[in-house]
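Participant: Here you go, one structure.
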Amino acid sequence: MKTIKQIPPVVLVSCLVFSAAASGEPAAAQHRHRAGPAVRSKAKPAPAPIDEDALRTQVMLDRAGYSPGEIDATMGTSTKRALEALTKDGGKADAAPDALTTYRITEQDTAGPFTSQIPSDMMRMAQLPALNYRNALEALGERFHTSPSLLRRLNPNARFVAGEEIQVPNVSHETAPAAAPSGRQNYALNPAGTTMTVTVRKSTSDLTVTDDTGRRLMYAPVTTGSEHDPLPIGEWKVKGVQRNPEFHYNPALFWDAKSNQSKATIPSGPNNPVGVVWIDLTREHYGLHGTPEPSQIGKTTSHGCVRLTNWDAMKLASLVRPGTKVVFSE
């Protein structure tokens with residue numbers, strides 16, 4: 001069995017996002033009128049109420065092992081597809097009554113280290129010592145599988161400092177899938193003698209893991225290729241897993257690379273272009289990996305690889321081993 005140290009550096013043809021939004025929370029800059037006697041500032045509109053039914057549904061799906069992606073209290077496409085997969089497998093679609101729980105922020109949550117400013121340019125990114133979370137709010141969002149903006153809406157008066165109690169989605173922190181579609185039981189990850197198959201569907205932008213009986217053990221939304229770098233349809237195998245990987249950027253492999261760019265090693269961290277885990281495949285330069293932009297999973301395109309939220313990528317990494325079959329299908 002090949003060890004993680006034997007996996008070649010992460011040098012790939014995919015994994016950067018085609019997205020108008022930069023990494024992290026959306027920019028707050030807006031056009032402003034010049035000051036003048038006839039110009040009056042308009043009051044900010046009140047935030048839209050939180051869709052509690054959507055929130056309860058997303059938490060239920062997350063706990064059942066059918067990931068809706070980033071929890072944002074919206075019944076978007078990824079949530080609807082996860083719900084359809086759950087019901088198809090015979091799971092109960094009852095929304096979680098205990099969708100929220102109270103969490104006391106710890107000193108560890110706020111201690112960092114954080115990387116407050118992360119440039120979008122690869123050359124500048126390579127000069128940083130690490131690509132950590134930008135702040136405690138972003139770290140808490142990832143911990144509870146939710147968007148920082150939803151955490152703010154759930155806790156409008158919070159400062160997100162140590163000792164403060166906040167409301168968070170009541171998600172499961174187990175990396176194991178549920179033993180049953182609607183359960184929260186522990187599951188022995190990839191037990192000896194069990195054959196797993198990972199299937200990525202281009203048409204529905206999702207990933208499933210099934211065992212040798214056909215039972216679905218994991219479902220998650222993904223982002224796949226683009227017109228320039230389509231998902232390579234076919235059957236591949238897992239070569240190995242790297243956690244907290246560096247990203248070895250090679251502009252020659254990217255059709256949209258800037259002419260002034262050169263090869264560079266991008267430091268590790270949750271805001272690394274491939275997130276917190278890289279699952280290497282027998283298809284050269286391709287893999288399954290995390291992302292610094294969980295809100296964009298299922299909504300944008302990539303340079304060919306398969307991206308998941310960091311928490312879904314970690315769960316997937318716990319299920320596969322060298323030799324696991326990976327199928328890319330239409």
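Identifiers in this document derive from the order of the structure tokens: chains are assigned A, B, ..., residues are numbered from 1 separately in each chain, and ligands are numbered from 1 in order of occurrence.
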Skipping near chain neighbours, those fewer than 6 positions away, what residues fall within 12 Å of A:Trp311 using only C-alpha atoms, listed as an NGL selection string?
Facilitator: :A and (62 or 65 or 67-71 or 139 or 141-146 or 171-176 or 220-221 or 270 or 275-277 or 289-294 or 317-318)
Participant: Go ahead and save the residues from that selection, with C-alpha atoms, as a JSON list (two decimals), in the first residue's frame.
Facilitator:
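Output below, filename out15.json:
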```json
[["chain", "number", "residue", "atom", "x", "y", "z"],
["A", 62, "ASP", "CA", -26.03, 16.89, 7.13],
["A", 65, "GLY", "CA", -24.88, 11.74, 5.73],
["A", 67, "SER", "CA", -24.62, 16.73, 2.65],
["A", 68, "PRO", "CA", -26.42, 19.84, 1.37],
["A", 69, "GLY", "CA", -23.05, 21.58, 1.14],
["A", 70, "GLU", "CA", -22.69, 24.80, 3.11],
["A", 71, "ILE", "CA", -25.69, 25.34, 5.38],
["A", 139, "ALA", "CA", -13.28, 29.03, 11.40],
["A", 141, "GLY", "CA", -18.52, 28.63, 10.05],
["A", 142, "GLU", "CA", -16.46, 25.71, 8.77],
["A", 143, "ARG", "CA", -16.68, 23.89, 12.09],
["A", 144, "PHE", "CA", -20.47, 24.01, 11.97],
["A", 145, "HIS", "CA", -20.72, 23.51, 8.19],
["A", 146, "THR", "CA", -22.36, 26.87, 7.72],
["A", 171, "VAL", "CA", -24.57, 19.28, 12.89],
["A", 172, "SER", "CA", -22.75, 16.05, 13.52],
["A", 173, "HIS", "CA", -18.99, 16.32, 13.95],
["A", 174, "GLU", "CA", -18.43, 12.66, 13.16],
["A", 175, "THR", "CA", -16.42, 12.00, 10.02],
["A", 176, "ALA", "CA", -18.25, 8.70, 9.71],
["A", 220, "ALA", "CA", -22.29, 15.34, -1.24],
["A", 221, "PRO", "CA", -22.52, 18.15, -3.80],
["A", 270, "PRO", "CA", -7.96, 25.73, 4.83],
["A", 275, "GLY", "CA", -8.44, 23.07, 0.89],
["A", 276, "VAL", "CA", -7.47, 20.69, 3.68],
["A", 277, "VAL", "CA", -7.22, 17.40, 1.80],
["A", 289, "HIS", "CA", -10.19, 17.80, -2.80],
["A", 290, "GLY", "CA", -11.48, 20.52, -0.53],
["A", 291, "THR", "CA", -11.96, 24.21, -1.23],
["A", 292, "PRO", "CA", -11.52, 27.65, 0.35],
["A", 293, "GLU", "CA", -14.96, 28.63, -1.03],
["A", 294, "PRO", "CA", -17.62, 26.25, 0.35],
["A", 317, "ALA", "CA", -10.79, 10.85, 2.73],
["A", 318, "SER", "CA", -11.74, 8.69, 5.72]]
```
Participant: Show me, as a CSV table (one decimal) with N, CA and C atoms, in the first residue's frame, the residues that have an atom within 7 Å of A:Val327 when counting only C-alpha atoms, minus same-chain residues fewer than 3 positions from it.
Facilitator:
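The resulting file, result11.csv, is shown below:
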```csv
chain,number,residue,atom,x,y,z
A,198,VAL,N,-16.5,5.3,-5.4
A,198,VAL,CA,-16.8,6.7,-5.5
A,198,VAL,C,-17.3,7.0,-6.9
A,199,THR,N,-18.5,7.6,-7.0
A,199,THR,CA,-19.1,8.0,-8.3
A,199,THR,C,-19.4,9.5,-8.3
A,200,VAL,N,-18.8,10.1,-9.3
A,200,VAL,CA,-19.1,11.6,-9.5
A,200,VAL,C,-19.9,11.7,-10.7
A,234,GLY,N,-14.7,8.5,-17.1
A,234,GLY,CA,-14.0,7.2,-17.1
A,234,GLY,C,-13.8,6.7,-15.7
A,235,GLU,N,-13.0,5.6,-15.6
A,235,GLU,CA,-12.8,5.0,-14.3
A,235,GLU,C,-11.4,5.1,-13.9
A,236,TRP,N,-11.2,5.5,-12.7
A,236,TRP,CA,-9.8,5.7,-12.1
A,236,TRP,C,-9.7,5.1,-10.8
```
Participant: Would you mind telling me which residue in A:Asn272, A:Thr106, A:Thr309, A:Thr57 lies nearest to A:Ile166 when using only C-alpha atoms?
Facilitator: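 Among A:Asn272, A:Thr106, A:Thr309, A:Thr57, it is A:Thr106 that comes nearest to A:Ile166.
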Participant: Considering only C-alpha atoms, state which residue in the set A:Asp109, A:Ser205, A:Asn135, A:Pro169 is at the smallest distance from A:Ala54.
Facilitator: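 Residue with the minimum atom-to-atom distance to A:Ala54: A:Pro169.
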Participant: Any idea what the distance is between atom CA of A:Thr79 and atom CA of A:Leu131?
Facilitator: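 Computed distance, atom CA of A:Thr79 to atom CA of A:Leu131, equals 28.9 Å.
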Participant: What does the distance between atom CA of A:Ala85 and atom CA of A:Lys299 come to in Å, to one decimal place?
Facilitator: 18.6 Å
Participant: Counting only C-alpha atoms, which residue out of A:Asp98, A:Glu330, A:Glu84, A:Asp89 sits closest to A:Glu52?
Facilitator: A:Asp98
Participant: Quick one: of A:Met60, A:Met196, A:Lys80, A:Arg307, who's nearest to A:Gly214, counting only C-alpha atoms?
Facilitator: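 Among the listed residues, A:Met196 lies closest to A:Gly214.
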Participant: Using only C-alpha atoms, determine which residues lie at most 9 Å from A:Arg104, disregarding the query and same-chain residues fewer than 3 positions distant; provide the list as a list in words.
Facilitator: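 The residues satisfying every condition are Ala162, Gly163, Glu164, Glu165, Ile166 and Gln167 of chain A.
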Participant: Near A:Phe160, within 8 Å and counting only C-alpha atoms, which residues show up once chain neighbours fewer than 6 positions away are dropped, as a PyMOL selection string?
Facilitator: chain A and resi 105+136-137+166
Participant: Could you tell me which of A:Met122, A:Arg201, A:Asp72, A:Thr282 comes closest to A:Ile233 if we count only C-alpha atoms?
Facilitator: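 Nearest candidate to A:Ile233 out of A:Met122, A:Arg201, A:Asp72, A:Thr282: A:Arg201.
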Participant: Let's see if you can do this: from backbone DSSP, list all strand (DSSP E) residues in stretch 231-328 of chain A, as an NGL selection string.
Facilitator: :A and (234-243 or 247-249 or 264-266 or 277-281 or 287-289 or 306-307 or 325-328)
Participant: Please report the interatomic distance between atom CA of A:Leu207 and atom CA of A:Thr265 in Å with one decimal.
Facilitator: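 Separation between atom CA of A:Leu207 and atom CA of A:Thr265: 28.8 Å.
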Participant: Which residues, written as a list in words, have at least one atom at most 7 Å from A:Ser116, with only C-alpha atoms counted and residues fewer than 2 positions away on the same chain left out?
Facilitator: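 My reading of the contact set: Phe114, Ile118, Arg134 and Asn135 of chain A.
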Participant: For A:Asp280, which of A:Gln242, A:Gln117, A:Ser147, A:Gln127 is the closest residue, counting only C-alpha atoms?
Facilitator: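 Among A:Gln242, A:Gln117, A:Ser147, A:Gln127, it is A:Gln242 that comes nearest to A:Asp280.
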Participant: Can you list, as a PyMOL selection string, every protein, DNA or RNA residue that comes within 9 Å of A:Val168 when you count only C-alpha atoms, leaving out same-chain residues fewer than 6 positions away?
Facilitator: chain A and resi 99-103+140-141+144+146+151+154-155
